[in-house]
Amino acid sequence: MSKPVALYCWHFMAYPHLPADFDEKYDTGWVTVPNKLWDAEKSRGLYQQYIDQLTYASELGFDGMVLNEHHQNIYGLMPSPNLIAAALSQKTKRGKIVILGNLLPLHLSPLRIAEEYAMLDNMSDGRLIAGFAPGSGPETFNYDVPSASSREQFWEAVDLIRRAWTEDGPFSFEGRYYPLRYVNPWPRPTQRPYPPIWIPGSRSRETLVEIAKRGYCYFLSSRSHGKETAKSQQQFANILEHHGDHYQPFRMGILMSAYVGETDAQAQAEAKEGVWYFLKNCLKGHLRREGRQLTFGPGIPYIPSDEFRNYLKFSDPSSPLLGDAENWDDLQQSASIIVGSPETAYRRIMDILEHAKVGHLLIQFHMGNMADALTRKSMYLFATEVAPRLRAESARLFAREFPDMERQLTPELAK
Amino acid sequence: MSRHSLNVRGRKVAVLEAGQGDPLVYLHGFADVHGVAAEFQPFHRHLSEHARVVAPAHPGCAGSDELEDGCSIDDVVFHYLEVLDALGLKYFDLVGHCVGGWIAAELAVRHPERIVRLVLIGACGLFVSGEPIGDVFMHAQPERGTDYQSLRAVLFSAAEAPVARRFFPDGRGDIDEEVRRYQMLRFGSFVGFKPPYFYSRALRGRLHRASMPASVVWGEDDRMVPRAHGEAYVAGLPNARAFGLVKATGHAAPLEQPQITADVVRRFLHETRTQGVPHGTADVAAASNP
């Protein structure tokens with residue numbers, strides 16, 4: 001028997017109180033979406049509700065809770081995921097706290113992230129998974145991060161943080177972006193030599209190579225999982241081999257969304273409002289052709305121009321994005337948001353796992369303006385009726401596909 | 001027109017040249033040769049009827065290598081000093097458009113003795129309170145997948161003008177052209193994205209050093225670099241002529257009204273011709289430049 005898939009509950013903390021005509025009236029949910037739409041009265045208790053949902057995930061036996069950083073948008077109300085992580089460190093006793101991640105180029109100094117993550121690792125008794133991300137399109141606009149140089153700046157910051165956690169201080173850091181005379185953070189992390197590091201990427205070869213060189217975990221930040229996900233897994237495996245390393249499922253994670261109801265019909269009826277609020281409002285400006293997409297494109301020129309040439313050659317600008325889905329059938333095609341009975345959810349997720357062969361499954365349960373009671377019911381059905389079967393079957397799958405895995409797991413990954 | 005490339009300390013620099021006479025160095029902008037077009041456009045050809053127009057492509061653009069050790073405005077200015085040395089140009093007229101105008105102004109305040117005459121067309125580079133430079137990066141993100149209407153509206157007087165649609169069409173355009181646009185945006189992101197956004201606060205206080213005859217030319221309806229920036233250049237450059245406004249054009253005046261824009265530049269160069277200033281490769285010591 002092998003180690004089963006790890007199942008996490010991801011909360012984006014969407015703004016749920018948009019007016020019904022939002023999609024008609026506003027061209028984006030990101031960066032320039034007017035914040036006069038924030039309803040302070042209706043929003044009282046919102047963070048508490050979201051934190052309580054994540055706490056419930058811990059109680060239901062999920063392997064972890066996932067947070068990430070977004071700015072100036074209605075998709076995710078966590079400019080500082082570390083604040084939520086601090087709350088979770090006190091409200092929960094079990095489950096990883098995954099921050100995926102802090103957007104390093106947006107911070108004045110990476111040293112502050114090294115310090116805050118070390119605090120969180122101590123406060124949670126070594127439950128932190130430390131994610132680092134460079135930020136994508138919206139953040140370059142939100143914080144005026146020059147996208148062309150942000151990648152180089154990002155990896156310098158990552159290297160500084162790892163050194164800050166592993167080398168005895170004080171030492172001086174001769175960085176181009178973050179030269180520091182005294183690196184000597186107190187506290188140091190609880191986990192030794194350092195908390196697991198996850199790096200999100202969207203198929204850029206450059207990112208995979210940098211991850212492989214450093215031995216970190218790769219989180220594929222795509223929301224849809226067709227054959228492209230299997231290709232990414234294979235690409236990462238090849239790059240790892242090239243760097244004298246080996247792929248095993250716990251080197252990689254993917255994101256999907258799920259709503260589980262008693263039957264397919266009931267699940268669709270219950271999820272409908274939240275799912276469509278998410279697709280049409282939260283993804284507007286991100287994964288919809290309608291409006292102005294701020295996630296990727298020529299105005300965010302962070303990839304080298306020969307990579308952009310390849311993108312132009314091999315992409316079809318008219319192909320629909322996730323948020324362009326118009327009905328359940330469209331949605332079904334994208335293998336992104338799974339809505340159905342426990343049996344349907346099990347079958348479809350297992351199907352993705354068989355192709356993707358990843359060990360970390362990060363699942364979004366709360367979508368858009370989904371009601372608290374429905375979100376919790378879906379999480380409960382998943383945890384009690386889907387998760388046990390996924391764990392059993394994935395363990396068989398991994399044992400079959402990766403017979404050497406146990407030997408390859410570092411003690412940290414095997415935990 | 002001839003095309004060649006220089007090797008400047010191991011970096012490739014693509015150069016277009018046309019015409020004969022006194023050397024005129026042209027530093028390009030976004031809606032311009034190298035920024036999107038592979039060839040000289042009518043504006044550059046008009047200039048080359050009376051001058052030897054030498055137009056290097058910025059680092060990373062149109063066949064030039066990127067600068068690997070930093071690409072701030074200072075790095076770019078030093079890059080161009082090396083390019084000019086490699087071209088053997090000690091004295092020359094300098095014309096810059098958009099970001100190229102900013103680089104030209106930065107060169108002029110550092111080495112006024114080398115620049116015979118200076119022409120700035122829709123140049124960014126200055127901070128003018130309340131008159132922000134347009135967000136070309138936001139507008140370069142298409143709407144509805146591949147709709148560049150708002151980018152055209154920032155760069156041209158009319159978004160649907162044929163010349164605007166020619167170089168910034170909707171849909172997937174010519175791949176080489178799209179890559180040149182991308183490269184120019186990438187160069188722009190290196191040099192001018194981080195605040196300050198396409199400007200240096202220090203530049204205005206240094207303009208007094210650029211005492212050569214100067215002409216400031218602006219599209220009447222420039223929505224990328226507001227006209228107030230041109231007025232600030234006129235106020236700060238000690239020897240600037242009256243503001244040259246080109247009617248019925250936006251930021252891309254050289255593409256929109258090539259003949260009229262070139263005539264404004266040529267008239268200025270003609271009127272300031274009698275001052276007996278040296279050009280080209282004459283020895284620095286022999287120069288009578290102020």
# chains A, B, ... in the order shown; residues from 1 in each chain; ligands from 1
$ interface_residues --of "chain B" --to "chain A" --cutoff "12 Å" --atoms "only C-alpha atoms" --output "JSON, numbers by chain"
{"B": [60, 61, 62, 63, 64, 65, 66, 67, 68, 69, 70, 71, 72, 135, 136, 137, 138, 139, 140, 141, 142, 143, 144, 145, 146, 147, 148, 149, 150, 151, 170, 171, 172, 173, 174, 175, 176, 177, 178, 179, 180, 181, 182, 183, 184, 185, 186, 187, 188, 189, 190, 191, 192, 193, 194, 195, 196, 197, 198]}
$ select_by_dssp --residues "range 152-288 of chain B" --states "strand (DSSP E)" --output "list in words"
Ala214, Ser215, Val216, Val217, Trp218, Gly219, Gly244, Leu245 and Val246 of chain B
$ closest_residue --among "A:Glu273, A:Met78, A:Tyr26, A:Pro195" --to "Ile129 in chain A" --atoms "only C-alpha atoms"
A:Pro195
$ residues_around --residues "Asp32 in chain B" --least-positions-apart "2" --cutoff "9 Å" --atoms "only C-alpha atoms" --output "JSON, numbers by chain"
{"B": [28, 29, 30, 34, 35, 36, 37, 40, 41, 97, 252, 254, 255]}
$ write_last_selection --atoms "N, CA and C atoms" --output "PDB file, in the first residue's frame"
ATOM      1  N   HIS B  28      13.386  55.074 -31.441  1.00  0.00           N
ATOM      2  CA  HIS B  28      11.988  54.792 -31.758  1.00  0.00           C
ATOM      3  C   HIS B  28      11.086  54.674 -30.535  1.00  0.00           C
ATOM      4  N   GLY B  29       9.791  54.723 -30.817  1.00  0.00           N
ATOM      5  CA  GLY B  29       8.769  54.540 -29.785  1.00  0.00           C
ATOM      6  C   GLY B  29       7.991  53.256 -30.009  1.00  0.00           C
ATOM      7  N   PHE B  30       6.763  53.189 -29.459  1.00  0.00           N
ATOM      8  CA  PHE B  30       5.927  51.987 -29.589  1.00  0.00           C
ATOM      9  C   PHE B  30       5.344  51.845 -30.993  1.00  0.00           C
ATOM     10  N   HIS B  34      10.748  49.436 -35.630  1.00  0.00           N
ATOM     11  CA  HIS B  34      11.295  48.589 -34.549  1.00  0.00           C
ATOM     12  C   HIS B  34      10.267  48.295 -33.451  1.00  0.00           C
ATOM     13  N   GLY B  35       9.420  49.286 -33.094  1.00  0.00           N
ATOM     14  CA  GLY B  35       8.418  49.075 -32.049  1.00  0.00           C
ATOM     15  C   GLY B  35       7.297  48.181 -32.541  1.00  0.00           C
ATOM     16  N   VAL B  36       7.027  48.248 -33.831  1.00  0.00           N
ATOM     17  CA  VAL B  36       6.032  47.358 -34.444  1.00  0.00           C
ATOM     18  C   VAL B  36       6.399  47.065 -35.904  1.00  0.00           C
ATOM     19  N   ALA B  37       6.864  48.092 -36.631  1.00  0.00           N
ATOM     20  CA  ALA B  37       7.172  47.907 -38.056  1.00  0.00           C
ATOM     21  C   ALA B  37       8.606  47.420 -38.250  1.00  0.00           C
ATOM     22  N   PHE B  40      11.515  51.108 -42.305  1.00  0.00           N
ATOM     23  CA  PHE B  40      11.239  52.525 -42.193  1.00  0.00           C
ATOM     24  C   PHE B  40       9.869  52.815 -42.785  1.00  0.00           C
ATOM     25  N   GLN B  41       9.154  53.718 -42.161  1.00  0.00           N
ATOM     26  CA  GLN B  41       7.849  54.151 -42.635  1.00  0.00           C
ATOM     27  C   GLN B  41       8.015  55.489 -43.367  1.00  0.00           C
ATOM     28  N   HIS B  97      11.242  59.536 -30.290  1.00  0.00           N
ATOM     29  CA  HIS B  97       9.786  59.512 -30.211  1.00  0.00           C
ATOM     30  C   HIS B  97       9.369  58.650 -29.039  1.00  0.00           C
ATOM     31  N   ALA B 252       0.937  58.795 -32.032  1.00  0.00           N
ATOM     32  CA  ALA B 252       1.693  58.254 -33.169  1.00  0.00           C
ATOM     33  C   ALA B 252       1.745  59.248 -34.337  1.00  0.00           C
ATOM     34  N   PRO B 254       4.093  60.554 -36.098  1.00  0.00           N
ATOM     35  CA  PRO B 254       4.905  60.194 -37.276  1.00  0.00           C
ATOM     36  C   PRO B 254       4.236  59.163 -38.186  1.00  0.00           C
ATOM     37  N   LEU B 255       3.403  58.280 -37.602  1.00  0.00           N
ATOM     38  CA  LEU B 255       2.695  57.313 -38.449  1.00  0.00           C
ATOM     39  C   LEU B 255       1.438  57.933 -39.053  1.00  0.00           C
TER      40      LEU B 255
END
$ atom_distance --atom1 "CA of Arg214 in chain A" --atom2 "CA of Pro196 in chain A"
11.7 Å
$ select_by_dssp --residues "range 112-250 of chain B" --states "helix (DSSP H, G or I)" --output "number ranges by chain"
B: 136-140, 149-155, 162-167, 175-192, 203-209, 227-236
$ write_last_selection --atoms "N, CA and C atoms" --output "compact mmCIF listing (two decimals), in the first residue's frame"
# COMPACT_ATOMS: atom_id res chain seq x y z
N VAL B 136 0.03 52.00 -21.16
CA VAL B 136 0.09 51.23 -22.40
C VAL B 136 0.02 49.73 -22.13
N PHE B 137 0.47 49.30 -20.95
CA PHE B 137 0.46 47.87 -20.62
C PHE B 137 -0.98 47.37 -20.40
N MET B 138 -1.75 48.14 -19.65
CA MET B 138 -3.16 47.77 -19.45
C MET B 138 -3.88 47.72 -20.80
N HIS B 139 -3.64 48.74 -21.63
CA HIS B 139 -4.35 48.78 -22.91
C HIS B 139 -3.85 47.72 -23.89
N ALA B 140 -2.62 47.24 -23.67
CA ALA B 140 -2.10 46.17 -24.53
C ALA B 140 -2.73 44.82 -24.21
N GLN B 149 -8.88 47.71 -29.59
CA GLN B 149 -9.46 49.03 -29.81
C GLN B 149 -8.89 50.05 -28.81
N SER B 150 -8.80 49.68 -27.55
CA SER B 150 -8.40 50.68 -26.55
C SER B 150 -6.91 51.00 -26.65
N LEU B 151 -6.11 50.04 -27.11
CA LEU B 151 -4.68 50.34 -27.33
C LEU B 151 -4.54 51.34 -28.49
N ARG B 152 -5.29 51.09 -29.54
CA ARG B 152 -5.25 52.03 -30.68
C ARG B 152 -5.71 53.42 -30.25
N ALA B 153 -6.72 53.46 -29.35
CA ALA B 153 -7.26 54.75 -28.92
C ALA B 153 -6.23 55.54 -28.11
N VAL B 154 -5.32 54.84 -27.42
CA VAL B 154 -4.29 55.55 -26.65
C VAL B 154 -3.17 56.02 -27.58
N LEU B 155 -2.88 55.23 -28.59
CA LEU B 155 -1.71 55.54 -29.43
C LEU B 155 -2.04 56.43 -30.63
N PRO B 162 -7.18 53.88 -40.51
CA PRO B 162 -6.53 52.76 -41.22
C PRO B 162 -5.11 52.47 -40.73
N VAL B 163 -4.32 53.52 -40.46
CA VAL B 163 -2.94 53.27 -40.04
C VAL B 163 -2.92 52.60 -38.66
N ALA B 164 -3.88 52.96 -37.81
CA ALA B 164 -3.96 52.32 -36.49
C ALA B 164 -4.30 50.85 -36.64
N ARG B 165 -5.27 50.57 -37.51
CA ARG B 165 -5.69 49.19 -37.73
C ARG B 165 -4.62 48.39 -38.47
N ARG B 166 -3.82 49.10 -39.28
CA ARG B 166 -2.76 48.41 -40.01
C ARG B 166 -1.74 47.79 -39.03
N PHE B 167 -1.32 48.58 -38.01
CA PHE B 167 -0.26 48.10 -37.13
C PHE B 167 -0.77 47.45 -35.85
N ILE B 175 2.55 37.29 -37.02
CA ILE B 175 3.26 36.88 -35.80
C ILE B 175 4.52 37.70 -35.57
N ASP B 176 5.27 37.98 -36.64
CA ASP B 176 6.49 38.79 -36.46
C ASP B 176 6.16 40.17 -35.91
N GLU B 177 5.06 40.73 -36.43
CA GLU B 177 4.66 42.06 -35.97
C GLU B 177 4.22 42.00 -34.49
N GLU B 178 3.46 40.96 -34.15
CA GLU B 178 3.02 40.82 -32.75
C GLU B 178 4.22 40.63 -31.82
N VAL B 179 5.22 39.90 -32.30
CA VAL B 179 6.40 39.68 -31.47
C VAL B 179 7.16 41.00 -31.29
N ARG B 180 7.27 41.80 -32.36
CA ARG B 180 7.94 43.11 -32.20
C ARG B 180 7.19 43.99 -31.20
N ARG B 181 5.87 43.98 -31.28
CA ARG B 181 5.09 44.74 -30.31
C ARG B 181 5.38 44.26 -28.89
N TYR B 182 5.42 42.93 -28.76
CA TYR B 182 5.69 42.33 -27.44
C TYR B 182 7.06 42.74 -26.93
N GLN B 183 8.05 42.68 -27.84
CA GLN B 183 9.42 43.01 -27.43
C GLN B 183 9.51 44.46 -26.98
N MET B 184 8.79 45.34 -27.66
CA MET B 184 8.80 46.75 -27.28
C MET B 184 8.15 46.94 -25.92
N LEU B 185 7.06 46.18 -25.67
CA LEU B 185 6.40 46.26 -24.36
C LEU B 185 7.33 45.72 -23.27
N ARG B 186 8.06 44.67 -23.62
CA ARG B 186 8.97 44.07 -22.64
C ARG B 186 10.11 45.05 -22.32
N PHE B 187 10.64 45.69 -23.36
CA PHE B 187 11.65 46.72 -23.13
C PHE B 187 11.06 47.84 -22.27
N GLY B 188 9.83 48.25 -22.62
CA GLY B 188 9.17 49.30 -21.85
C GLY B 188 8.96 48.90 -20.41
N SER B 189 8.66 47.60 -20.17
CA SER B 189 8.45 47.12 -18.82
C SER B 189 9.74 47.18 -18.01
N PHE B 190 10.85 46.84 -18.65
CA PHE B 190 12.14 46.94 -17.96
C PHE B 190 12.47 48.39 -17.61
N VAL B 191 12.26 49.26 -18.57
CA VAL B 191 12.81 50.61 -18.44
C VAL B 191 11.83 51.55 -17.73
N GLY B 192 10.54 51.23 -17.84
CA GLY B 192 9.62 52.25 -17.37
C GLY B 192 8.37 51.80 -16.66
N LEU B 203 14.94 64.31 -14.12
CA LEU B 203 15.25 64.80 -15.46
C LEU B 203 14.95 66.29 -15.63
N ARG B 204 13.82 66.74 -15.09
CA ARG B 204 13.43 68.14 -15.32
C ARG B 204 14.50 69.11 -14.81
N GLY B 205 15.05 68.83 -13.65
CA GLY B 205 16.08 69.70 -13.08
C GLY B 205 17.40 69.65 -13.84
N ARG B 206 17.53 68.68 -14.72
CA ARG B 206 18.78 68.56 -15.49
C ARG B 206 18.65 69.14 -16.89
N LEU B 207 17.42 69.48 -17.29
CA LEU B 207 17.20 69.88 -18.69
C LEU B 207 18.02 71.12 -19.06
N HIS B 208 18.34 71.96 -18.07
CA HIS B 208 19.09 73.19 -18.38
C HIS B 208 20.45 72.90 -19.00
N ARG B 209 20.95 71.68 -18.79
CA ARG B 209 22.25 71.32 -19.36
C ARG B 209 22.16 71.08 -20.87
N ARG B 227 -0.09 66.50 -23.62
CA ARG B 227 0.62 67.65 -24.17
C ARG B 227 1.38 68.44 -23.11
N ALA B 228 0.88 68.41 -21.88
CA ALA B 228 1.55 69.14 -20.79
C ALA B 228 3.01 68.70 -20.64
N HIS B 229 3.31 67.45 -21.02
CA HIS B 229 4.69 66.97 -20.93
C HIS B 229 5.56 67.69 -21.97
N GLY B 230 4.99 67.93 -23.15
CA GLY B 230 5.71 68.68 -24.18
C GLY B 230 5.95 70.11 -23.73
N GLU B 231 4.92 70.69 -23.12
CA GLU B 231 5.07 72.07 -22.64
C GLU B 231 6.15 72.14 -21.56
N ALA B 232 6.24 71.11 -20.74
CA ALA B 232 7.27 71.08 -19.69
C ALA B 232 8.67 70.96 -20.31
N TYR B 233 8.79 70.19 -21.40
CA TYR B 233 10.09 70.13 -22.10
C TYR B 233 10.45 71.49 -22.67
N VAL B 234 9.47 72.17 -23.29
CA VAL B 234 9.75 73.49 -23.88
C VAL B 234 10.20 74.45 -22.78
N ALA B 235 9.55 74.37 -21.62
CA ALA B 235 9.90 75.28 -20.53
C ALA B 235 11.29 74.96 -19.97
N GLY B 236 11.68 73.70 -19.99
CA GLY B 236 12.92 73.32 -19.34
C GLY B 236 14.14 73.34 -20.23
$ residues_around --residues "Ile103 in chain B" --least-positions-apart "3" --cutoff "9 Å" --atoms "only C-alpha atoms" --output "tab-separated table (two decimals) with N, CA and C atoms, in the first residue's frame"
chain	number	residue	atom	x	y	z
B	27	LEU	N	15.65	57.48	-32.32
B	27	LEU	CA	15.31	56.51	-31.28
B	27	LEU	C	13.79	56.32	-31.26
B	73	ILE	N	16.78	53.01	-16.99
B	73	ILE	CA	17.04	54.09	-17.94
B	73	ILE	C	18.53	54.43	-17.98
B	76	VAL	N	20.30	51.93	-20.10
B	76	VAL	CA	20.00	52.13	-21.52
B	76	VAL	C	20.79	53.32	-22.06
B	77	VAL	N	20.93	54.37	-21.26
B	77	VAL	CA	21.71	55.53	-21.71
B	77	VAL	C	23.17	55.11	-21.94
B	80	TYR	N	23.47	53.19	-25.09
B	80	TYR	CA	23.48	54.02	-26.30
B	80	TYR	C	24.78	54.79	-26.48
B	96	GLY	N	13.98	61.67	-31.05
B	96	GLY	CA	13.41	60.54	-30.30
B	96	GLY	C	11.91	60.69	-30.18
B	98	CYS	N	8.43	59.15	-28.20
B	98	CYS	CA	7.88	58.34	-27.12
B	98	CYS	C	8.99	57.93	-26.15
B	99	VAL	N	9.17	56.65	-25.85
B	99	VAL	CA	10.25	56.21	-24.97
B	99	VAL	C	11.61	56.61	-25.57
B	100	GLY	N	11.70	56.57	-26.90
B	100	GLY	CA	12.94	57.01	-27.56
B	100	GLY	C	13.23	58.47	-27.27
B	106	GLU	N	17.60	62.06	-21.94
B	106	GLU	CA	18.59	61.63	-20.93
B	106	GLU	C	20.00	61.69	-21.49
B	107	LEU	N	20.15	61.36	-22.78
B	107	LEU	CA	21.47	61.48	-23.43
B	107	LEU	C	21.86	62.96	-23.52
B	108	ALA	N	20.89	63.80	-23.85
B	108	ALA	CA	21.19	65.22	-24.09
B	108	ALA	C	21.65	65.93	-22.82
B	123	ALA	N	7.48	62.82	-26.35
B	123	ALA	CA	8.44	62.15	-25.48
B	123	ALA	C	7.92	62.02	-24.06
B	124	CYS	N	8.03	60.82	-23.48
B	124	CYS	CA	7.81	60.70	-22.04
B	124	CYS	C	9.13	61.04	-21.36
B	125	GLY	N	9.25	60.81	-20.08
B	125	GLY	CA	10.49	61.09	-19.37
B	125	GLY	C	10.34	62.06	-18.22
$ residues_around --residues "Ala18 in chain B" --least-positions-apart "4" --cutoff "7 Å" --atoms "only C-alpha atoms" --output "compact mmCIF listing (two decimals) with C-alpha atoms, in the first residue's frame"
# COMPACT_ATOMS: atom_id res chain seq x y z
CA MET B 1 17.49 51.62 -46.73
CA SER B 2 20.14 49.34 -45.34
CA SER B 48 16.18 60.60 -44.90
CA ARG B 52 21.60 60.14 -42.97
CA VAL B 53 19.03 58.57 -40.67
CA VAL B 54 20.50 55.95 -38.32
$ residues_around --residues "Arg273 in chain B" --least-positions-apart "4" --cutoff "10 Å" --atoms "only C-alpha atoms" --output "MDAnalysis selection string"
chainID B and resid 116:117 267:269 277
$ decode --residues "range 55-80 of chain B" --atoms "N, CA and C atoms" --output "PDB file, in the first residue's frame"
ATOM      1  N   ALA B  55      18.935  54.418 -37.272  1.00  0.00           N
ATOM      2  CA  ALA B  55      17.921  54.051 -36.273  1.00  0.00           C
ATOM      3  C   ALA B  55      18.232  52.703 -35.640  1.00  0.00           C
ATOM      4  N   PRO B  56      18.885  52.687 -34.476  1.00  0.00           N
ATOM      5  CA  PRO B  56      19.097  51.414 -33.769  1.00  0.00           C
ATOM      6  C   PRO B  56      17.804  50.952 -33.087  1.00  0.00           C
ATOM      7  N   ALA B  57      17.661  49.635 -32.960  1.00  0.00           N
ATOM      8  CA  ALA B  57      16.514  49.088 -32.215  1.00  0.00           C
ATOM      9  C   ALA B  57      16.902  48.984 -30.743  1.00  0.00           C
ATOM     10  N   HIS B  58      15.988  49.355 -29.858  1.00  0.00           N
ATOM     11  CA  HIS B  58      16.263  49.304 -28.409  1.00  0.00           C
ATOM     12  C   HIS B  58      16.601  47.867 -27.988  1.00  0.00           C
ATOM     13  N   PRO B  59      17.284  47.731 -26.856  1.00  0.00           N
ATOM     14  CA  PRO B  59      17.640  46.388 -26.374  1.00  0.00           C
ATOM     15  C   PRO B  59      16.412  45.473 -26.301  1.00  0.00           C
ATOM     16  N   GLY B  60      16.536  44.285 -26.882  1.00  0.00           N
ATOM     17  CA  GLY B  60      15.435  43.315 -26.879  1.00  0.00           C
ATOM     18  C   GLY B  60      14.447  43.496 -28.010  1.00  0.00           C
ATOM     19  N   CYS B  61      14.542  44.616 -28.740  1.00  0.00           N
ATOM     20  CA  CYS B  61      13.556  44.913 -29.780  1.00  0.00           C
ATOM     21  C   CYS B  61      14.089  44.554 -31.167  1.00  0.00           C
ATOM     22  N   ALA B  62      13.210  43.998 -31.993  1.00  0.00           N
ATOM     23  CA  ALA B  62      13.436  43.885 -33.436  1.00  0.00           C
ATOM     24  C   ALA B  62      14.842  43.417 -33.804  1.00  0.00           C
ATOM     25  N   GLY B  63      15.340  42.400 -33.136  1.00  0.00           N
ATOM     26  CA  GLY B  63      16.630  41.841 -33.514  1.00  0.00           C
ATOM     27  C   GLY B  63      17.796  42.288 -32.657  1.00  0.00           C
ATOM     28  N   SER B  64      17.588  43.252 -31.771  1.00  0.00           N
ATOM     29  CA  SER B  64      18.645  43.624 -30.818  1.00  0.00           C
ATOM     30  C   SER B  64      18.567  42.706 -29.601  1.00  0.00           C
ATOM     31  N   ASP B  65      19.739  42.404 -29.036  1.00  0.00           N
ATOM     32  CA  ASP B  65      19.756  41.579 -27.813  1.00  0.00           C
ATOM     33  C   ASP B  65      19.262  42.383 -26.609  1.00  0.00           C
ATOM     34  N   GLU B  66      18.685  41.652 -25.629  1.00  0.00           N
ATOM     35  CA  GLU B  66      18.329  42.314 -24.370  1.00  0.00           C
ATOM     36  C   GLU B  66      19.600  42.632 -23.580  1.00  0.00           C
ATOM     37  N   LEU B  67      19.518  43.631 -22.717  1.00  0.00           N
ATOM     38  CA  LEU B  67      20.619  43.905 -21.785  1.00  0.00           C
ATOM     39  C   LEU B  67      20.496  42.895 -20.649  1.00  0.00           C
ATOM     40  N   GLU B  68      21.571  42.187 -20.373  1.00  0.00           N
ATOM     41  CA  GLU B  68      21.447  41.136 -19.358  1.00  0.00           C
ATOM     42  C   GLU B  68      21.740  41.621 -17.954  1.00  0.00           C
ATOM     43  N   ASP B  69      22.490  42.704 -17.859  1.00  0.00           N
ATOM     44  CA  ASP B  69      22.871  43.159 -16.511  1.00  0.00           C
ATOM     45  C   ASP B  69      22.093  44.396 -16.102  1.00  0.00           C
ATOM     46  N   GLY B  70      20.791  44.346 -16.277  1.00  0.00           N
ATOM     47  CA  GLY B  70      19.976  45.478 -15.854  1.00  0.00           C
ATOM     48  C   GLY B  70      19.570  46.332 -17.040  1.00  0.00           C
ATOM     49  N   CYS B  71      18.374  46.828 -16.976  1.00  0.00           N
ATOM     50  CA  CYS B  71      17.845  47.593 -18.101  1.00  0.00           C
ATOM     51  C   CYS B  71      17.060  48.798 -17.577  1.00  0.00           C
ATOM     52  N   SER B  72      17.661  49.506 -16.619  1.00  0.00           N
ATOM     53  CA  SER B  72      17.052  50.754 -16.148  1.00  0.00           C
ATOM     54  C   SER B  72      17.350  51.844 -17.177  1.00  0.00           C
ATOM     55  N   ILE B  73      16.780  53.007 -16.987  1.00  0.00           N
ATOM     56  CA  ILE B  73      17.037  54.093 -17.940  1.00  0.00           C
ATOM     57  C   ILE B  73      18.531  54.428 -17.984  1.00  0.00           C
ATOM     58  N   ASP B  74      19.212  54.359 -16.849  1.00  0.00           N
ATOM     59  CA  ASP B  74      20.651  54.631 -16.849  1.00  0.00           C
ATOM     60  C   ASP B  74      21.414  53.574 -17.647  1.00  0.00           C
ATOM     61  N   ASP B  75      21.029  52.315 -17.474  1.00  0.00           N
ATOM     62  CA  ASP B  75      21.680  51.242 -18.240  1.00  0.00           C
ATOM     63  C   ASP B  75      21.484  51.479 -19.736  1.00  0.00           C
ATOM     64  N   VAL B  76      20.298  51.928 -20.100  1.00  0.00           N
ATOM     65  CA  VAL B  76      19.995  52.132 -21.516  1.00  0.00           C
ATOM     66  C   VAL B  76      20.788  53.319 -22.062  1.00  0.00           C
ATOM     67  N   VAL B  77      20.926  54.373 -21.262  1.00  0.00           N
ATOM     68  CA  VAL B  77      21.712  55.531 -21.708  1.00  0.00           C
ATOM     69  C   VAL B  77      23.170  55.109 -21.944  1.00  0.00           C
ATOM     70  N   PHE B  78      23.722  54.339 -21.023  1.00  0.00           N
ATOM     71  CA  PHE B  78      25.111  53.896 -21.221  1.00  0.00           C
ATOM     72  C   PHE B  78      25.218  52.944 -22.410  1.00  0.00           C
ATOM     73  N   HIS B  79      24.201  52.119 -22.600  1.00  0.00           N
ATOM     74  CA  HIS B  79      24.150  51.257 -23.780  1.00  0.00           C
ATOM     75  C   HIS B  79      24.242  52.121 -25.041  1.00  0.00           C
ATOM     76  N   TYR B  80      23.468  53.190 -25.094  1.00  0.00           N
ATOM     77  CA  TYR B  80      23.476  54.024 -26.301  1.00  0.00           C
ATOM     78  C   TYR B  80      24.784  54.793 -26.478  1.00  0.00           C
TER      79      TYR B  80
END
